[in-house]
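Raw start05.cif, mmCIF, C-alpha atoms and all ligand atoms:
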```cif
data_query
loop_
_atom_site.group_PDB
_atom_site.id
_atom_site.type_symbol
_atom_site.label_atom_id
_atom_site.label_comp_id
_atom_site.auth_asym_id
_atom_site.auth_seq_id
_atom_site.Cartn_x
_atom_site.Cartn_y
_atom_site.Cartn_z
ATOM 1 C CA MET A 1 198.631 93.926 214.486
ATOM 2 C CA ASN A 2 200.969 93.005 211.682
ATOM 3 C CA ARG A 3 200.551 89.295 211.026
ATOM 4 C CA ILE A 4 203.417 88.126 208.868
ATOM 5 C CA ALA A 5 203.537 84.590 207.473
ATOM 6 C CA VAL A 6 206.311 82.814 205.627
ATOM 7 C CA PHE A 7 205.405 80.226 203.001
ATOM 8 C CA PRO A 8 208.646 78.299 202.501
ATOM 9 C CA GLY A 9 209.293 75.939 199.603
ATOM 10 C CA SER A 10 211.443 75.162 196.589
ATOM 11 C CA PHE A 11 208.832 76.189 194.014
ATOM 12 C CA ASP A 12 210.663 74.120 191.395
ATOM 13 C CA PRO A 13 208.415 75.201 189.728
ATOM 14 C CA ILE A 14 205.477 76.913 191.454
ATOM 15 C CA THR A 15 202.252 74.982 190.806
ATOM 16 C CA LYS A 16 198.573 75.851 190.956
ATOM 17 C CA GLY A 17 198.555 74.028 194.310
ATOM 18 C CA HIS A 18 201.035 76.460 195.877
ATOM 19 C CA GLU A 19 199.276 79.415 194.269
ATOM 20 C CA SER A 20 195.934 78.309 195.657
ATOM 21 C CA VAL A 21 197.195 77.959 199.253
ATOM 22 C CA ILE A 22 198.857 81.382 199.129
ATOM 23 C CA ILE A 23 195.862 83.199 197.648
ATOM 24 C CA ARG A 24 193.403 81.493 200.007
ATOM 25 C CA SER A 25 195.415 82.604 203.024
ATOM 26 C CA LEU A 26 195.425 86.292 202.105
ATOM 27 C CA GLY A 27 192.580 86.977 204.532
ATOM 28 C CA LEU A 28 194.512 85.449 207.422
ATOM 29 C CA PHE A 29 197.688 87.522 207.223
ATOM 30 C CA ASP A 30 198.757 91.101 206.578
ATOM 31 C CA THR A 31 201.902 90.023 204.746
ATOM 32 C CA ILE A 32 202.861 86.705 203.188
ATOM 33 C CA ILE A 33 206.514 86.167 202.342
ATOM 34 C CA VAL A 34 206.877 83.467 199.715
ATOM 35 C CA ALA A 35 210.366 82.277 200.593
ATOM 36 C CA VAL A 36 212.411 80.130 198.253
ATOM 37 C CA GLY A 37 214.656 77.962 200.377
ATOM 38 C CA VAL A 38 218.139 77.397 199.029
ATOM 39 C CA ASN A 39 219.574 74.075 200.170
ATOM 40 C CA SER A 40 223.079 73.357 198.885
ATOM 41 C CA GLU A 41 222.476 69.596 199.202
ATOM 42 C CA LYS A 42 219.430 69.706 196.941
ATOM 43 C CA LYS A 43 219.495 69.649 193.139
ATOM 44 C CA TYR A 44 216.944 71.900 191.476
ATOM 45 C CA LEU A 45 215.629 71.685 187.929
ATOM 46 C CA PHE A 46 215.096 75.409 187.431
ATOM 47 C CA PRO A 47 217.654 78.039 188.527
ATOM 48 C CA LEU A 48 216.814 80.117 191.596
ATOM 49 C CA GLU A 49 216.555 83.359 189.580
ATOM 50 C CA GLN A 50 214.041 81.739 187.233
ATOM 51 C CA ARG A 51 211.904 80.411 190.112
ATOM 52 C CA ILE A 52 211.903 83.846 191.750
ATOM 53 C CA LYS A 53 211.007 85.552 188.472
ATOM 54 C CA TRP A 54 207.987 83.245 188.055
ATOM 55 C CA LEU A 55 206.842 83.858 191.630
ATOM 56 C CA LYS A 56 207.095 87.618 191.081
ATOM 57 C CA GLU A 57 204.993 87.329 187.909
ATOM 58 C CA VAL A 58 202.344 85.167 189.546
ATOM 59 C CA PHE A 59 201.901 87.461 192.562
ATOM 60 C CA ALA A 60 202.584 90.803 190.865
ATOM 61 C CA GLY A 61 199.042 92.004 191.560
ATOM 62 C CA TYR A 62 199.196 91.408 195.324
ATOM 63 C CA SER A 63 200.763 94.108 197.496
ATOM 64 C CA GLN A 64 200.463 91.788 200.546
ATOM 65 C CA ILE A 65 202.802 89.203 199.009
ATOM 66 C CA ARG A 66 206.596 89.480 198.956
ATOM 67 C CA ILE A 67 209.027 87.111 197.267
ATOM 68 C CA GLU A 68 212.347 86.348 198.949
ATOM 69 C CA SER A 69 214.959 83.624 199.033
ATOM 70 C CA TYR A 70 216.857 82.318 202.029
ATOM 71 C CA SER A 71 219.329 79.713 203.131
ATOM 72 C CA GLY A 72 219.703 78.293 206.586
ATOM 73 C CA LEU A 73 216.959 77.615 209.087
ATOM 74 C CA THR A 74 213.418 78.631 208.178
ATOM 75 C CA THR A 75 212.908 79.752 211.776
ATOM 76 C CA ASP A 76 215.922 82.112 211.541
ATOM 77 C CA PHE A 77 214.434 83.594 208.390
ATOM 78 C CA CYS A 78 211.106 84.023 210.232
ATOM 79 C CA ARG A 79 212.782 85.693 213.204
ATOM 80 C CA ASN A 80 214.755 88.062 210.951
ATOM 81 C CA ASN A 81 211.559 88.997 209.112
ATOM 82 C CA HIS A 82 209.343 89.309 212.222
ATOM 83 C CA ALA A 83 207.141 86.483 210.973
ATOM 84 C CA ALA A 84 205.190 84.610 213.651
ATOM 85 C CA TYR A 85 203.562 82.138 211.232
ATOM 86 C CA ILE A 86 204.706 79.491 208.798
ATOM 87 C CA LEU A 87 202.117 78.631 206.179
ATOM 88 C CA ARG A 88 201.981 75.147 204.626
ATOM 89 C CA GLY A 89 199.553 73.100 202.570
ATOM 90 C CA LEU A 90 198.327 69.584 203.353
ATOM 91 C CA ARG A 91 197.420 67.118 200.640
ATOM 92 C CA THR A 92 197.745 63.686 202.193
ATOM 93 C CA SER A 93 198.386 61.933 205.466
ATOM 94 C CA ALA A 94 202.022 61.649 204.332
ATOM 95 C CA ASP A 95 202.161 65.461 204.100
ATOM 96 C CA PHE A 96 200.671 65.624 207.569
ATOM 97 C CA GLU A 97 203.274 63.314 209.129
ATOM 98 C CA PHE A 98 206.110 65.157 207.406
ATOM 99 C CA GLU A 99 204.769 68.599 208.302
ATOM 100 C CA ARG A 100 203.949 67.624 211.863
ATOM 101 C CA SER A 101 207.535 66.710 212.685
ATOM 102 C CA ILE A 102 208.941 69.818 210.990
ATOM 103 C CA GLY A 103 206.314 72.026 212.646
ATOM 104 C CA GLN A 104 206.962 70.574 216.076
ATOM 105 C CA MET A 105 210.737 70.899 215.659
ATOM 106 C CA ASN A 106 210.362 74.488 214.459
ATOM 107 C CA LYS A 107 208.298 75.268 217.546
ATOM 108 C CA LYS A 108 211.019 73.724 219.732
ATOM 109 C CA ILE A 109 213.796 75.800 218.224
ATOM 110 C CA TYR A 110 211.806 79.047 217.934
ATOM 111 C CA SER A 111 208.900 79.123 220.364
ATOM 112 C CA PRO A 112 207.041 82.200 218.987
ATOM 113 C CA ILE A 113 206.393 80.426 215.674
ATOM 114 C CA GLU A 114 203.029 78.832 214.832
ATOM 115 C CA THR A 115 202.561 76.679 211.737
ATOM 116 C CA VAL A 116 199.251 77.197 209.948
ATOM 117 C CA PHE A 117 197.969 74.548 207.524
ATOM 118 C CA LEU A 118 195.439 74.886 204.763
ATOM 119 C CA LEU A 119 193.976 71.756 203.208
ATOM 120 C CA ALA A 120 194.665 71.373 199.502
ATOM 121 C CA LEU A 121 191.686 71.889 197.253
ATOM 122 C CA PRO A 122 190.539 68.448 196.031
ATOM 123 C CA GLU A 123 191.347 69.332 192.424
ATOM 124 C CA TYR A 124 194.982 69.976 193.402
ATOM 125 C CA ASN A 125 195.394 67.062 195.760
ATOM 126 C CA ALA A 126 197.467 64.977 193.347
ATOM 127 C CA LEU A 127 199.550 67.917 192.185
ATOM 128 C CA ASN A 128 203.163 68.200 193.236
ATOM 129 C CA SER A 129 206.275 69.845 191.822
ATOM 130 C CA SER A 130 208.130 66.590 191.294
ATOM 131 C CA VAL A 131 205.437 65.182 188.978
ATOM 132 C CA VAL A 132 205.400 68.502 187.113
ATOM 133 C CA ARG A 133 209.197 68.252 186.705
ATOM 134 C CA ASP A 134 208.864 64.689 185.375
ATOM 135 C CA ILE A 135 206.268 65.753 182.822
ATOM 136 C CA TYR A 136 208.483 68.665 181.756
ATOM 137 C CA ARG A 137 211.641 66.522 181.452
ATOM 138 C CA ASN A 138 209.750 64.082 179.271
ATOM 139 C CA GLY A 139 208.452 66.741 176.936
ATOM 140 C CA GLY A 140 204.874 66.854 178.252
ATOM 141 C CA ASP A 141 202.673 69.934 178.595
ATOM 142 C CA ILE A 142 202.801 71.314 182.125
ATOM 143 C CA SER A 143 200.596 74.343 181.480
ATOM 144 C CA PRO A 144 197.499 72.802 183.181
ATOM 145 C CA PHE A 145 199.486 72.541 186.423
ATOM 146 C CA ILE A 146 201.237 75.888 186.707
ATOM 147 C CA PRO A 147 199.676 79.309 187.326
ATOM 148 C CA ASP A 148 198.080 80.930 184.276
ATOM 149 C CA ASN A 149 199.892 84.234 184.525
ATOM 150 C CA MET A 150 203.499 83.096 184.469
ATOM 151 C CA ASN A 151 205.757 83.384 181.461
ATOM 152 C CA PHE A 152 206.872 79.803 181.072
HETATM 153 P P1 LIG A 201 209.255 71.597 198.381
HETATM 154 O O1 LIG A 201 209.372 71.267 196.937
HETATM 155 O O2 LIG A 201 210.091 72.734 198.848
HETATM 156 O O3 LIG A 201 209.240 70.444 199.325
HETATM 157 P P2 LIG A 201 206.599 71.451 198.009
HETATM 158 O O4 LIG A 201 206.345 71.850 196.622
HETATM 159 O O5 LIG A 201 206.664 69.990 198.315
HETATM 160 O O6 LIG A 201 207.875 72.166 198.479
HETATM 161 O O7 LIG A 201 205.570 72.100 198.964
HETATM 162 C C1 LIG A 201 205.696 73.326 199.623
HETATM 163 C C2 LIG A 201 204.406 73.511 200.374
HETATM 164 O O8 LIG A 201 203.363 73.614 199.447
HETATM 165 C C3 LIG A 201 204.059 72.332 201.284
HETATM 166 O O9 LIG A 201 203.388 72.812 202.423
HETATM 167 C C4 LIG A 201 203.127 71.534 200.449
HETATM 168 O O10 LIG A 201 202.240 70.747 201.234
HETATM 169 C C5 LIG A 201 202.384 72.639 199.737
HETATM 170 N N1 LIG A 201 201.827 72.141 198.494
HETATM 171 C C6 LIG A 201 202.492 71.626 197.447
HETATM 172 N N2 LIG A 201 201.650 71.237 196.476
HETATM 173 C C7 LIG A 201 200.405 71.529 196.931
HETATM 174 C C8 LIG A 201 199.088 71.344 196.402
HETATM 175 N N3 LIG A 201 198.902 70.769 195.216
HETATM 176 N N4 LIG A 201 198.037 71.763 197.138
HETATM 177 C C9 LIG A 201 198.242 72.322 198.359
HETATM 178 N N5 LIG A 201 199.456 72.506 198.918
HETATM 179 C C10 LIG A 201 200.515 72.104 198.218
#
```

Just give me the structure as C-alpha cells.
Amino acid sequence: MNRIAVFPGSFDPITKGHESVIIRSLGLFDTIIVAVGVNSEKKYLFPLEQRIKWLKEVFAGYSQIRIESYSGLTTDFCRNNHAAYILRGLRTSADFEFERSIGQMNKKIYSPIETVFLLALPEYNALNSSVVRDIYRNGGDISPFIPDNMNF
C-alpha cells in the first residue's frame, strides 16, 4: 500500500516545529509531500522560491519526502497527488479548534481524506512562524528556531 500524506503550510519560514512533525511521521507514511500553499490574499515575508529552497535543503536526505507548491483547495491537491492523508501538528487547544473545523470541512468536501495529527514536542510548543518572523524583522537571531541544515 502506498500511503501518501500531504503536510500543507506556508513555511514562512519552516521552523524546527514543522521539521519535527514531518520527521516523526516518516514511519507512518510511504511518501510525505510538504506542500507550500499559495494564497493570493496572504502576504508572505519570504518569497515562495526561497521557502521551497529551504524546504529542499532541510529534507534533502529523505527520499520519502517531496516538496511541492499548490494553490487552490488542499483537498484538490491531495486528490491530484493520490494522497489519502493530511498531516498537521497540534500545539494548543486553539490549534485543535482551528484544525478540527478545517479537518471536518475537508472530509465533507473530499470524503477519502483523513487528517492525522501529531502533538508538538513540548520544547516546540511555543514555536510558530509568526513569532520567528517578528524576531527576524526586528533584527533578532532566529537560528535557534529554524532547522540546523538550512542555508539562511
Ligand atoms: P501556516 O503558517 O501555513 O498557517 P503554520 O506554520 O501555522 O502554517 O502550521 C502548519 C502546520 O504546522 C500546522 O499543523 C501547525 O499546527 C504545525 N506546526 C507549526 N508549528 C509547530 C510546532 N512548533 N510544533 C508542531 N507543529 C507545528

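Checking A:Ala60, A:Ile109, A:Ala120, A:Val38 one by one against A:Arg79, counting all atoms listed in the file, you find the shortest gap at A:Ile109.
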
- [ ] Collect all residues with atoms no farther than 7 Å from ligand LIG 201 (chain A), counting only C-alpha atoms and all ligand atoms, and output them as a PyMOL selection string.
- [x] chain A and resi 8-12+15-18+20-21+88-91+95+119-121+124-129

Open item on the list: When the PyMOL selection byres (((chain A and resi 32) around 9) and not hetatm) is applied to the structure above, which residues does it catch, written out as a PyMOL selection string?
Closed with: chain A and resi 3-7+22+25-26+29-31+33-34+64-67+83+87

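Using only C-alpha atoms for every distance, the candidate list A:Phe46, A:Phe152, A:Tyr85, A:Tyr62 yields A:Tyr85 as the residue closest to A:Glu114.
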
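When atom CA of A:Asp76 is paired with atom CA of A:Leu45, their separation reads 25.8 Å.
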
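Using all atoms listed in the file for every distance, the candidate list A:Asn106, A:Ser130, A:Ser63, A:Ser101 yields A:Ser130 as the residue closest to A:Tyr44.
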
What do you get, as a PDB file with C-alpha atoms, keeping the file's coordinate frame, if you spell out every residue that the PyMOL selection byres (((chain A and resi 53) around 12) and not hetatm) selects here?
```pdb
ATOM      1  CA  PHE A  11     208.832  76.189 194.014  1.00  0.00           C
ATOM      2  CA  ASP A  12     210.663  74.120 191.395  1.00  0.00           C
ATOM      3  CA  PRO A  13     208.415  75.201 189.728  1.00  0.00           C
ATOM      4  CA  ILE A  14     205.477  76.913 191.454  1.00  0.00           C
ATOM      5  CA  VAL A  36     212.411  80.130 198.253  1.00  0.00           C
ATOM      6  CA  PHE A  46     215.096  75.409 187.431  1.00  0.00           C
ATOM      7  CA  PRO A  47     217.654  78.039 188.527  1.00  0.00           C
ATOM      8  CA  LEU A  48     216.814  80.117 191.596  1.00  0.00           C
ATOM      9  CA  GLU A  49     216.555  83.359 189.580  1.00  0.00           C
ATOM     10  CA  GLN A  50     214.041  81.739 187.233  1.00  0.00           C
ATOM     11  CA  ARG A  51     211.904  80.411 190.112  1.00  0.00           C
ATOM     12  CA  ILE A  52     211.903  83.846 191.750  1.00  0.00           C
ATOM     13  CA  TRP A  54     207.987  83.245 188.055  1.00  0.00           C
ATOM     14  CA  LEU A  55     206.842  83.858 191.630  1.00  0.00           C
ATOM     15  CA  LYS A  56     207.095  87.618 191.081  1.00  0.00           C
ATOM     16  CA  GLU A  57     204.993  87.329 187.909  1.00  0.00           C
ATOM     17  CA  VAL A  58     202.344  85.167 189.546  1.00  0.00           C
ATOM     18  CA  PHE A  59     201.901  87.461 192.562  1.00  0.00           C
ATOM     19  CA  ALA A  60     202.584  90.803 190.865  1.00  0.00           C
ATOM     20  CA  ILE A  67     209.027  87.111 197.267  1.00  0.00           C
ATOM     21  CA  GLU A  68     212.347  86.348 198.949  1.00  0.00           C
ATOM     22  CA  SER A  69     214.959  83.624 199.033  1.00  0.00           C
ATOM     23  CA  ASN A 149     199.892  84.234 184.525  1.00  0.00           C
ATOM     24  CA  MET A 150     203.499  83.096 184.469  1.00  0.00           C
ATOM     25  CA  ASN A 151     205.757  83.384 181.461  1.00  0.00           C
ATOM     26  CA  PHE A 152     206.872  79.803 181.072  1.00  0.00           C
TER      27      PHE A 152
END
```

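Pairwise distance (atom CA of A:Ala35, atom CA of A:Pro144) equals 23.6 Å.
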
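Counting from atom CA of A:Arg100, the distance to atom CA of A:Ile113 is 13.6 Å.
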
Task: Shortest interatomic distance to A:Thr115 - which of A:Ile135, A:Ile102, A:Ile142, A:Ile86, counting all atoms listed in the file - done: A:Ile86
